[in-house]
$ cat my_file_21.cif   # mmCIF, C-alpha atoms
data_final
#
loop_
_atom_site.label_atom_id
_atom_site.label_comp_id
_atom_site.auth_asym_id
_atom_site.auth_seq_id
_atom_site.Cartn_x
_atom_site.Cartn_y
_atom_site.Cartn_z
CA MET A 130 18.36 21.59 -23.96
CA ASP A 131 19.22 23.85 -26.90
CA ASP A 132 20.15 21.28 -29.52
CA HIS A 133 19.35 23.52 -32.49
CA HIS A 134 22.26 25.86 -32.84
CA ASP A 135 20.82 27.79 -35.75
CA HIS A 136 18.03 29.48 -33.77
CA SER A 137 17.28 30.72 -30.30
CA HIS A 138 15.40 29.04 -27.52
CA LEU A 139 13.73 30.53 -24.46
CA ALA A 140 13.03 28.63 -21.27
CA ASP A 141 9.43 28.34 -20.12
CA THR A 142 9.90 30.89 -17.34
CA ASP A 143 11.44 33.37 -19.81
CA LEU A 144 8.50 32.94 -22.16
CA ARG A 145 6.00 33.49 -19.36
CA VAL A 146 7.76 36.61 -18.08
CA ARG A 147 8.12 38.04 -21.60
CA ALA A 148 4.43 37.37 -22.25
CA LEU A 149 3.44 39.18 -19.04
CA GLU A 150 5.78 42.10 -19.57
CA SER A 151 4.94 42.73 -23.24
CA LEU A 152 1.18 42.58 -22.61
CA LEU A 153 1.30 44.72 -19.47
CA ALA A 154 3.49 47.27 -21.26
CA GLU A 155 1.10 47.45 -24.22
CA LYS A 156 -1.78 48.12 -21.86
CA GLY A 157 0.21 50.86 -20.18
CA LEU A 158 0.26 48.99 -16.85
CA VAL A 159 4.04 48.74 -16.56
CA ASP A 160 6.79 50.81 -18.08
CA PRO A 161 9.92 48.76 -18.95
CA ALA A 162 12.21 51.61 -17.84
CA ALA A 163 10.49 51.68 -14.44
CA LEU A 164 11.06 47.93 -14.14
CA ASP A 165 14.78 48.36 -14.78
CA GLU A 166 14.88 51.03 -12.09
CA ILE A 167 13.19 48.75 -9.54
CA VAL A 168 15.62 45.92 -10.30
CA ASP A 169 18.59 48.26 -10.01
CA ARG A 170 17.33 49.56 -6.67
CA TYR A 171 17.01 46.07 -5.17
CA GLU A 172 20.22 44.71 -6.68
CA ASN A 173 22.45 47.66 -5.93
CA LYS A 174 20.95 50.15 -3.50
CA VAL A 175 18.73 48.50 -0.93
CA GLY A 176 20.45 45.99 1.30
CA PRO A 177 21.43 45.06 4.84
CA ARG A 178 23.78 48.06 4.93
CA ASN A 179 20.67 50.21 5.49
CA GLY A 180 19.69 48.16 8.52
CA ALA A 181 23.27 48.22 9.81
CA ARG A 182 23.13 52.01 9.70
CA VAL A 183 19.92 51.97 11.76
CA VAL A 184 21.50 49.64 14.32
CA ALA A 185 24.76 51.60 14.61
CA LYS A 186 22.83 54.84 15.08
CA ALA A 187 20.69 53.25 17.81
CA TRP A 188 23.86 52.06 19.58
CA THR A 189 25.39 55.54 19.58
CA ASP A 190 22.35 57.84 19.90
CA PRO A 191 20.03 57.11 22.86
CA GLU A 192 17.37 59.52 21.63
CA PHE A 193 17.25 57.80 18.25
CA LYS A 194 17.10 54.40 19.93
CA LYS A 195 14.13 55.49 22.07
CA TRP A 196 12.33 56.76 18.95
CA LEU A 197 13.22 53.58 17.06
CA LEU A 198 11.70 51.33 19.71
CA GLU A 199 8.58 53.51 19.98
CA ASP A 200 7.94 54.19 16.29
CA ALA A 201 10.33 52.31 14.04
CA THR A 202 8.55 53.25 10.80
CA ALA A 203 9.04 56.96 11.49
CA ALA A 204 12.56 56.69 12.95
CA ILE A 205 13.81 54.55 10.06
CA GLY A 206 11.98 56.76 7.55
CA SER A 207 13.93 59.74 8.93
CA LEU A 208 17.10 58.09 7.59
CA GLY A 209 15.53 57.88 4.14
CA TYR A 210 14.75 54.16 4.24
CA VAL A 211 11.11 54.00 3.27
CA GLY A 212 9.25 50.79 2.51
CA THR A 213 7.07 50.70 -0.56
CA GLN A 214 4.58 48.06 0.50
CA GLY A 215 2.78 50.06 3.14
CA ALA A 216 3.95 47.75 5.92
CA ASP A 217 4.76 49.03 9.38
CA LEU A 218 8.14 48.25 10.88
CA VAL A 219 8.71 47.18 14.47
CA VAL A 220 12.17 46.99 16.03
CA LEU A 221 12.82 44.27 18.61
CA GLU A 222 15.67 44.83 21.04
CA ASN A 223 17.87 41.91 21.96
CA THR A 224 19.25 42.00 25.50
CA ALA A 225 21.15 39.70 27.85
CA ASP A 226 17.78 38.20 28.86
CA VAL A 227 15.72 38.19 25.66
CA HIS A 228 16.68 37.01 22.18
CA ASN A 229 14.31 37.93 19.34
CA VAL A 230 14.31 36.18 15.98
CA THR A 231 12.04 36.78 12.98
CA VAL A 232 10.38 34.63 10.34
CA CYS A 233 7.47 34.74 7.92
CA THR A 234 5.73 31.39 8.17
CA LEU A 235 3.49 31.98 5.15
CA CYS A 236 5.28 33.73 2.36
CA SER A 237 8.60 35.30 3.39
CA CYS A 238 7.55 38.86 4.24
CA TYR A 239 10.75 40.69 5.10
CA PRO A 240 11.77 44.29 5.91
CA TRP A 241 13.09 45.05 2.44
CA SER A 242 13.77 48.75 3.03
CA VAL A 243 16.36 47.94 5.69
CA LEU A 244 17.59 44.45 4.76
CA GLY A 245 17.11 44.20 1.00
CA LEU A 246 15.64 40.96 -0.28
CA PRO A 247 15.73 37.83 1.88
CA PRO A 248 18.33 35.04 1.55
CA ALA A 249 17.20 31.68 0.19
CA TRP A 250 17.11 29.99 3.60
CA TYR A 251 14.72 32.62 4.96
CA LYS A 252 12.31 31.72 2.16
CA SER A 253 12.71 27.97 2.66
CA PHE A 254 10.03 25.78 4.18
CA PRO A 255 12.37 24.22 6.79
CA TYR A 256 13.19 27.63 8.29
CA ARG A 257 9.61 28.88 8.10
CA ALA A 258 8.18 25.72 9.65
CA ARG A 259 10.84 24.85 12.19
CA LEU A 260 11.71 28.21 13.74
CA VAL A 261 8.33 28.61 15.43
CA LYS A 262 8.36 25.03 16.73
CA GLU A 263 11.95 24.59 17.82
CA PRO A 264 13.80 27.90 17.79
CA ARG A 265 16.79 26.78 19.86
CA PRO A 266 17.83 23.84 17.64
CA VAL A 267 17.37 26.04 14.56
CA LEU A 268 19.52 28.80 16.07
CA GLU A 269 22.14 26.19 16.95
CA GLU A 270 22.31 25.25 13.26
CA PHE A 271 23.26 28.87 12.66
CA GLY A 272 25.99 28.50 15.27
CA LEU A 273 24.11 30.38 17.99
CA THR A 274 23.78 28.63 21.34
CA LEU A 275 21.81 30.59 23.92
CA ALA A 276 21.96 30.06 27.67
CA SER A 277 18.91 28.24 29.01
CA ASP A 278 17.78 31.27 31.02
CA VAL A 279 17.60 33.46 27.90
CA GLU A 280 14.03 33.84 26.68
CA VAL A 281 13.69 33.23 22.92
CA ARG A 282 10.90 35.13 21.20
CA VAL A 283 9.91 34.24 17.63
CA TRP A 284 8.07 36.90 15.64
CA ASP A 285 6.02 35.98 12.58
CA SER A 286 5.94 38.77 9.99
CA THR A 287 2.87 39.63 7.97
CA ALA A 288 2.11 41.71 4.92
CA GLU A 289 1.27 44.64 7.22
CA LEU A 290 3.93 44.25 9.90
CA ARG A 291 7.61 43.45 9.56
CA TYR A 292 10.33 43.18 12.15
CA LEU A 293 13.93 44.25 12.46
CA VAL A 294 16.04 42.91 15.30
CA LEU A 295 18.25 45.37 17.16
CA PRO A 296 21.18 43.15 18.17
CA GLU A 297 23.21 43.69 21.33
CA ARG A 298 26.21 45.93 20.93
CA PRO A 299 29.23 43.66 21.33
CA ALA A 300 31.94 44.13 23.93
CA GLY A 301 35.14 45.86 22.87
CA THR A 302 33.39 48.55 20.81
CA ASP A 303 33.26 51.41 23.30
CA GLY A 304 35.50 53.76 21.40
CA MET A 305 34.08 53.03 17.97
CA SER A 306 32.29 55.56 15.79
CA GLU A 307 28.90 55.00 14.16
CA ASP A 308 30.60 54.42 10.80
CA GLU A 309 32.94 51.81 12.27
CA LEU A 310 30.04 50.06 14.01
CA VAL A 311 28.08 49.83 10.74
CA ASP A 312 30.74 47.46 9.39
CA LEU A 313 30.25 45.04 12.30
CA VAL A 314 26.49 44.56 11.89
CA THR A 315 25.53 41.51 9.83
CA ARG A 316 22.30 40.75 8.02
CA ASN A 317 21.69 37.63 10.11
CA SER A 318 22.10 39.56 13.36
CA MET A 319 19.18 41.75 12.27
CA ILE A 320 17.06 38.68 11.47
CA GLY A 321 18.09 37.25 14.83
CA THR A 322 19.91 34.11 13.71
CA GLU A 323 23.25 35.31 15.05
CA LYS A 324 24.79 37.87 17.37
CA VAL A 325 27.10 40.68 16.33
CA ALA A 326 30.63 39.51 17.02
CA SER A 327 33.17 41.66 18.80
CA PRO A 328 35.73 43.24 16.49
CA ALA A 329 38.85 41.21 15.68
CA GLY A 330 37.04 38.06 16.73
CA ASP A 331 37.79 38.40 20.45
CA ALA A 332 34.18 37.65 21.36
CA MET B 245 -0.50 24.93 7.87
CA THR B 246 -2.34 22.01 6.31
CA ALA B 247 -2.36 18.30 7.08
CA SER B 248 -0.31 17.40 4.01
CA VAL B 249 2.64 19.50 5.12
CA PRO B 250 5.41 17.27 6.53
CA THR B 251 5.69 16.99 10.28
CA GLN B 252 8.61 18.36 12.21
CA GLU B 253 10.44 15.02 12.26
CA GLU B 254 10.34 14.77 8.47
CA LEU B 255 11.71 18.23 7.87
CA PRO B 256 15.12 18.44 6.25
CA SER B 257 17.85 20.65 7.63
CA LEU B 258 18.03 24.28 6.66
CA PRO B 259 19.51 25.25 3.33
CA ARG B 260 22.32 27.73 3.92
CA ASP B 261 23.68 30.43 1.72
CA GLU B 262 26.39 33.00 1.51
CA ASP B 263 25.40 36.54 0.59
CA GLY B 264 24.76 35.55 -3.01
CA PRO B 265 23.11 37.53 -5.78
CA VAL B 266 19.63 38.80 -5.05
CA PHE B 267 18.20 37.32 -8.25
CA ARG B 268 19.66 34.22 -9.80
CA GLU B 269 18.28 34.86 -13.27
CA PRO B 270 16.92 37.95 -15.04
CA TRP B 271 13.37 36.59 -15.25
CA GLU B 272 13.20 36.48 -11.44
CA ALA B 273 14.09 40.16 -11.30
CA GLN B 274 11.54 41.03 -13.99
CA ALA B 275 8.75 39.12 -12.25
CA PHE B 276 9.61 40.84 -8.98
CA ALA B 277 9.71 44.31 -10.54
CA MET B 278 6.41 43.87 -12.42
CA THR B 279 4.71 42.93 -9.16
CA LEU B 280 6.00 46.03 -7.39
CA ARG B 281 5.02 48.23 -10.29
CA LEU B 282 1.45 46.86 -10.39
CA TYR B 283 1.20 47.26 -6.63
CA ASP B 284 2.42 50.86 -6.92
CA GLY B 285 -0.20 51.41 -9.60
CA GLY B 286 -2.88 50.40 -7.09
CA HIS B 287 -3.96 47.24 -8.92
CA PHE B 288 -3.87 45.17 -5.75
CA THR B 289 -3.03 45.63 -2.08
CA TRP B 290 0.06 44.09 -0.53
CA PRO B 291 -1.98 41.77 1.74
CA GLU B 292 -3.83 40.54 -1.39
CA TRP B 293 -0.48 39.82 -3.01
CA ALA B 294 0.95 38.10 0.07
CA ASP B 295 -2.14 35.94 0.27
CA CYS B 296 -1.86 34.96 -3.40
CA LEU B 297 1.84 34.12 -3.01
CA ALA B 298 1.23 32.09 0.14
CA THR B 299 -1.45 30.11 -1.69
CA GLU B 300 0.97 29.24 -4.51
CA ILE B 301 3.69 28.24 -2.05
CA THR B 302 1.32 25.93 -0.18
CA ALA B 303 0.05 24.44 -3.46
CA ALA B 304 3.62 23.78 -4.61
CA GLN B 305 4.46 22.04 -1.33
CA GLU B 306 1.38 19.89 -1.64
CA ALA B 307 2.50 18.98 -5.16
CA GLY B 308 5.83 17.75 -3.75
CA ASP B 309 8.13 20.79 -3.95
CA PRO B 310 10.62 20.55 -1.04
CA ASP B 311 10.50 24.39 -1.12
CA LEU B 312 14.05 25.13 -0.10
CA GLY B 313 13.94 28.76 -1.23
CA ASP B 314 15.40 28.10 -4.68
CA THR B 315 11.94 27.76 -6.24
CA TYR B 316 10.61 30.90 -4.57
CA TYR B 317 10.40 32.96 -7.74
CA LEU B 318 8.64 30.14 -9.59
CA HIS B 319 5.89 30.44 -6.99
CA TRP B 320 6.13 34.21 -7.32
CA LEU B 321 5.66 34.06 -11.11
CA LYS B 322 2.65 31.77 -10.78
CA ALA B 323 1.11 34.07 -8.20
CA LEU B 324 1.67 37.05 -10.51
CA GLU B 325 -0.01 35.25 -13.42
CA ARG B 326 -2.93 34.45 -11.17
CA ILE B 327 -3.37 37.90 -9.65
CA VAL B 328 -3.29 39.72 -13.01
CA ALA B 329 -6.05 37.37 -14.21
CA GLN B 330 -8.03 37.75 -10.96
CA LYS B 331 -7.85 41.52 -11.20
CA GLY B 332 -8.88 41.49 -14.85
CA LEU B 333 -5.64 43.07 -16.08
CA LEU B 334 -4.94 40.20 -18.49
CA THR B 335 -6.74 36.99 -19.34
CA GLU B 336 -5.17 33.56 -19.14
CA ASP B 337 -5.90 33.16 -22.82
CA GLU B 338 -4.03 36.36 -23.73
CA LEU B 339 -1.04 35.20 -21.72
CA SER B 340 -0.99 31.77 -23.25
CA ARG B 341 -1.26 33.09 -26.81
CA ARG B 342 1.44 35.70 -26.21
CA LYS B 343 3.74 33.03 -24.77
CA ASP B 344 3.38 31.05 -28.02
CA VAL B 345 4.22 34.15 -30.05
CA TRP B 346 7.44 34.61 -28.05
CA ASP B 347 8.28 30.95 -28.53
CA ARG B 348 7.85 31.21 -32.30
CA ALA B 349 9.83 34.46 -32.34
CA ALA B 350 12.70 32.76 -30.52
CA HIS B 351 12.74 29.91 -33.02
CA ALA B 352 12.77 32.38 -35.91
CA THR B 353 15.71 34.33 -34.48
CA PRO B 354 19.29 33.35 -35.36
CA HIS B 355 21.30 32.37 -32.32
CA GLY B 356 22.90 35.36 -30.60
CA GLU B 357 20.55 38.00 -31.99
CA PRO B 358 18.00 39.81 -29.84
CA ILE B 359 14.58 38.18 -29.89
CA VAL B 360 11.81 40.62 -30.78
CA LEU B 361 8.10 40.21 -31.31
CA PRO B 362 6.84 40.27 -34.90
CA PRO B 363 5.23 43.63 -35.82
CA GLU B 364 1.64 42.33 -35.98
CA CYS B 365 1.59 41.74 -32.21
#

$ encode --input "my_file_21.cif" --output "structure tokens"
Amino acid sequence: MDDHHDHSHLADTDLRVRALESLLAEKGLVDPAALDEIVDRYENKVGPRNGARVVAKAWTDPEFKKWLLEDATAAIGSLGYVGTQGADLVVLENTADVHNVTVCTLCSCYPWSVLGLPPAWYKSFPYRARLVKEPRPVLEEFGLTLASDVEVRVWDSTAELRYLVLPERPAGTDGMSEDELVDLVTRNSMIGTEKVASPAGDA
Amino acid sequence: MTASVPTQEELPSLPRDEDGPVFREPWEAQAFAMTLRLYDGGHFTWPEWADCLATEITAAQEAGDPDLGDTYYLHWLKALERIVAQKGLLTEDELSRRKDVWDRAAHATPHGEPIVLPPEC
């Protein structure tokens, strides 16, 4: 693409973003330093580790779990994980009888404050379109086969309401501390496309 | 969902990923951050933004984008350009002229040096 080595070349997307940023900055609508801070937060500070902390606390603290299921926005906010888009959070508990899984069919709304930004597949049309129509085959593609008597519930996020799945605590974790449990909880288990595996793979 | 969206039988299998980087290129991060900043500044509500983004995603699908998640920030950037115009923060004309200025600035900059706007901008 860049066949002139004596000068620089910017891709179309770069040019468009630079045009937006320089104009918005001149009008005082964005501050470049604030932009860097937002990028740093989402690249380095906000991620599924926050959600894993919420899950591990719910597994070890029944009072917290009760609060979480009643008012997830407040319970999660008490840990310092606060969303910036004004959306309410709802936590869905997976049990032996019910498996919850989340999607955003329109535009990939996602609980950023607890999971960070969504993976590419979550944003893809096949996931968004297929999960609501055929959840079991989709979950099987993720390696999750559910017994036929387990009820699968698919939850479609919106700009105002986002979901976090509380996965089942796996067997073989009775003696584990909250900190140890945090390490077991995966991003996908909180979206609902997998279960949390028992430690040392003895599921 | 609209009639032009492929039916279930036509849908490809899911793209899969490892826990890769959040943003693949810096412009994706900048577009994301500008949107959050403008939202924080009260220039639009989050439902307004989500609606604008969903519209761009649907339009891209109708134009033939398989929409496997890798073009997500392209849709995002288009939605951002549209919402700043809709809200009267910038005009399309301003954006297009400024884009040309950046293009000329890049061509006038020796390879490897930072690209800056000329002082008259």

$ closest_residue --input "my_file_21.cif" --among "A:Leu275, A:Val261, A:Leu208, A:Leu218" --to "chain B" --atoms "only C-alpha atoms"
A:Val261

$ residues_around --input "my_file_21.cif" --residues "stretch 241-254 of chain A" --least-positions-apart "2" --cutoff "9 Å" --atoms "only C-alpha atoms" --output "PyMOL selection string"
(chain A and resi 171-172+174-183+205+210-213+232-234+236-239+256-259+293+316+319-320) or (chain B and resi 255+258-264+266+305+310-316)

$ axis_aligned_box --input "my_file_21.cif" --around "stretch 199-207 of chain A" --padding-each-side "8 Å" --output "AutoDock Vina command-line options"
--center_x 10.9 --center_y 56.0 --center_z 13.8 --size_x 22.0 --size_y 23.4 --size_z 28.4

$ residues_around --input "my_file_21.cif" --residues "stretch 271-279 of chain B" --least-positions-apart "2" --cutoff "6 Å" --atoms "all atoms listed in the file" --output "ChimeraX atom specification"
/A:143,164,167 /B:267,269,281-282,317

$ write_last_selection --input "my_file_21.cif" --atoms "C-alpha atoms" --output "mmCIF file, in the coordinates of the input"
data_model
loop_
_atom_site.group_PDB
_atom_site.id
_atom_site.type_symbol
_atom_site.label_atom_id
_atom_site.label_comp_id
_atom_site.auth_asym_id
_atom_site.auth_seq_id
_atom_site.Cartn_x
_atom_site.Cartn_y
_atom_site.Cartn_z
ATOM 1 C CA ASP A 143 11.440 33.370 -19.810
ATOM 2 C CA LEU A 164 11.060 47.930 -14.140
ATOM 3 C CA ILE A 167 13.190 48.750 -9.540
ATOM 4 C CA PHE B 267 18.200 37.320 -8.250
ATOM 5 C CA GLU B 269 18.280 34.860 -13.270
ATOM 6 C CA ARG B 281 5.020 48.230 -10.290
ATOM 7 C CA LEU B 282 1.450 46.860 -10.390
ATOM 8 C CA TYR B 317 10.400 32.960 -7.740
#

$ residues_around --input "my_file_21.cif" --residues "B:Thr299" --least-positions-apart "2" --cutoff "12 Å" --atoms "only C-alpha atoms" --output "number ranges by chain"
A: 235-236; B: 245-246, 292-297, 301-306, 319-320, 322-324, 326-327

$ closest_residue --input "my_file_21.cif" --among "A:Val281, A:Ala288, A:Leu221, A:Ala187" --to "chain B" --atoms "only C-alpha atoms"
A:Ala288

$ atom_distance --input "my_file_21.cif" --atom1 "atom CA of A:Leu290" --atom2 "atom CA of A:Asn229"
15.4 Å

$ residues_around --input "my_file_21.cif" --residues "stretch 321-330 of chain A" --least-positions-apart "2" --cutoff "10 Å" --atoms "only C-alpha atoms" --output "ChimeraX atom specification"
/A:221,223,228-232,264,267-274,282-283,293-302,309-310,312-319,332

$ atom_distance --input "my_file_21.cif" --atom1 "atom CA of B:Asp344" --atom2 "atom CA of B:Phe288"
27.3 Å

$ atom_distance --input "my_file_21.cif" --atom1 "atom CA of B:Asp347" --atom2 "atom CA of A:Asp141"
8.9 Å

$ resolve_selection --input "my_file_21.cif" --expression "the PyMOL selection byres ((chain B and resi 336) around 12)" --output "short mmCIF file (atom, residue, chain, number, x, y, z; two decimals) with C-alpha atoms, keeping the file's coordinate frame"
data_model
loop_
_atom_site.label_atom_id
_atom_site.label_comp_id
_atom_site.auth_asym_id
_atom_site.auth_seq_id
_atom_site.Cartn_x
_atom_site.Cartn_y
_atom_site.Cartn_z
CA ARG A 145 6.00 33.49 -19.36
CA ALA A 148 4.43 37.37 -22.25
CA LEU A 149 3.44 39.18 -19.04
CA LEU A 152 1.18 42.58 -22.61
CA LYS B 322 2.65 31.77 -10.78
CA LEU B 324 1.67 37.05 -10.51
CA GLU B 325 -0.01 35.25 -13.42
CA ARG B 326 -2.93 34.45 -11.17
CA ILE B 327 -3.37 37.90 -9.65
CA VAL B 328 -3.29 39.72 -13.01
CA ALA B 329 -6.05 37.37 -14.21
CA GLN B 330 -8.03 37.75 -10.96
CA LYS B 331 -7.85 41.52 -11.20
CA GLY B 332 -8.88 41.49 -14.85
CA LEU B 333 -5.64 43.07 -16.08
CA LEU B 334 -4.94 40.20 -18.49
CA THR B 335 -6.74 36.99 -19.34
CA ASP B 337 -5.90 33.16 -22.82
CA GLU B 338 -4.03 36.36 -23.73
CA LEU B 339 -1.04 35.20 -21.72
CA SER B 340 -0.99 31.77 -23.25
CA ARG B 341 -1.26 33.09 -26.81
CA ARG B 342 1.44 35.70 -26.21
CA LYS B 343 3.74 33.03 -24.77
#

$ closest_residue --input "my_file_21.cif" --among "A:Trp196, A:Ala204, A:Glu289, A:Val311" --to "chain B" --atoms "only C-alpha atoms"
A:Glu289

$ closest_residue --input "my_file_21.cif" --among "B:Thr353, B:Val345, B:Ala307, B:His287" --to "chain A" --atoms "all atoms listed in the file"
B:Thr353
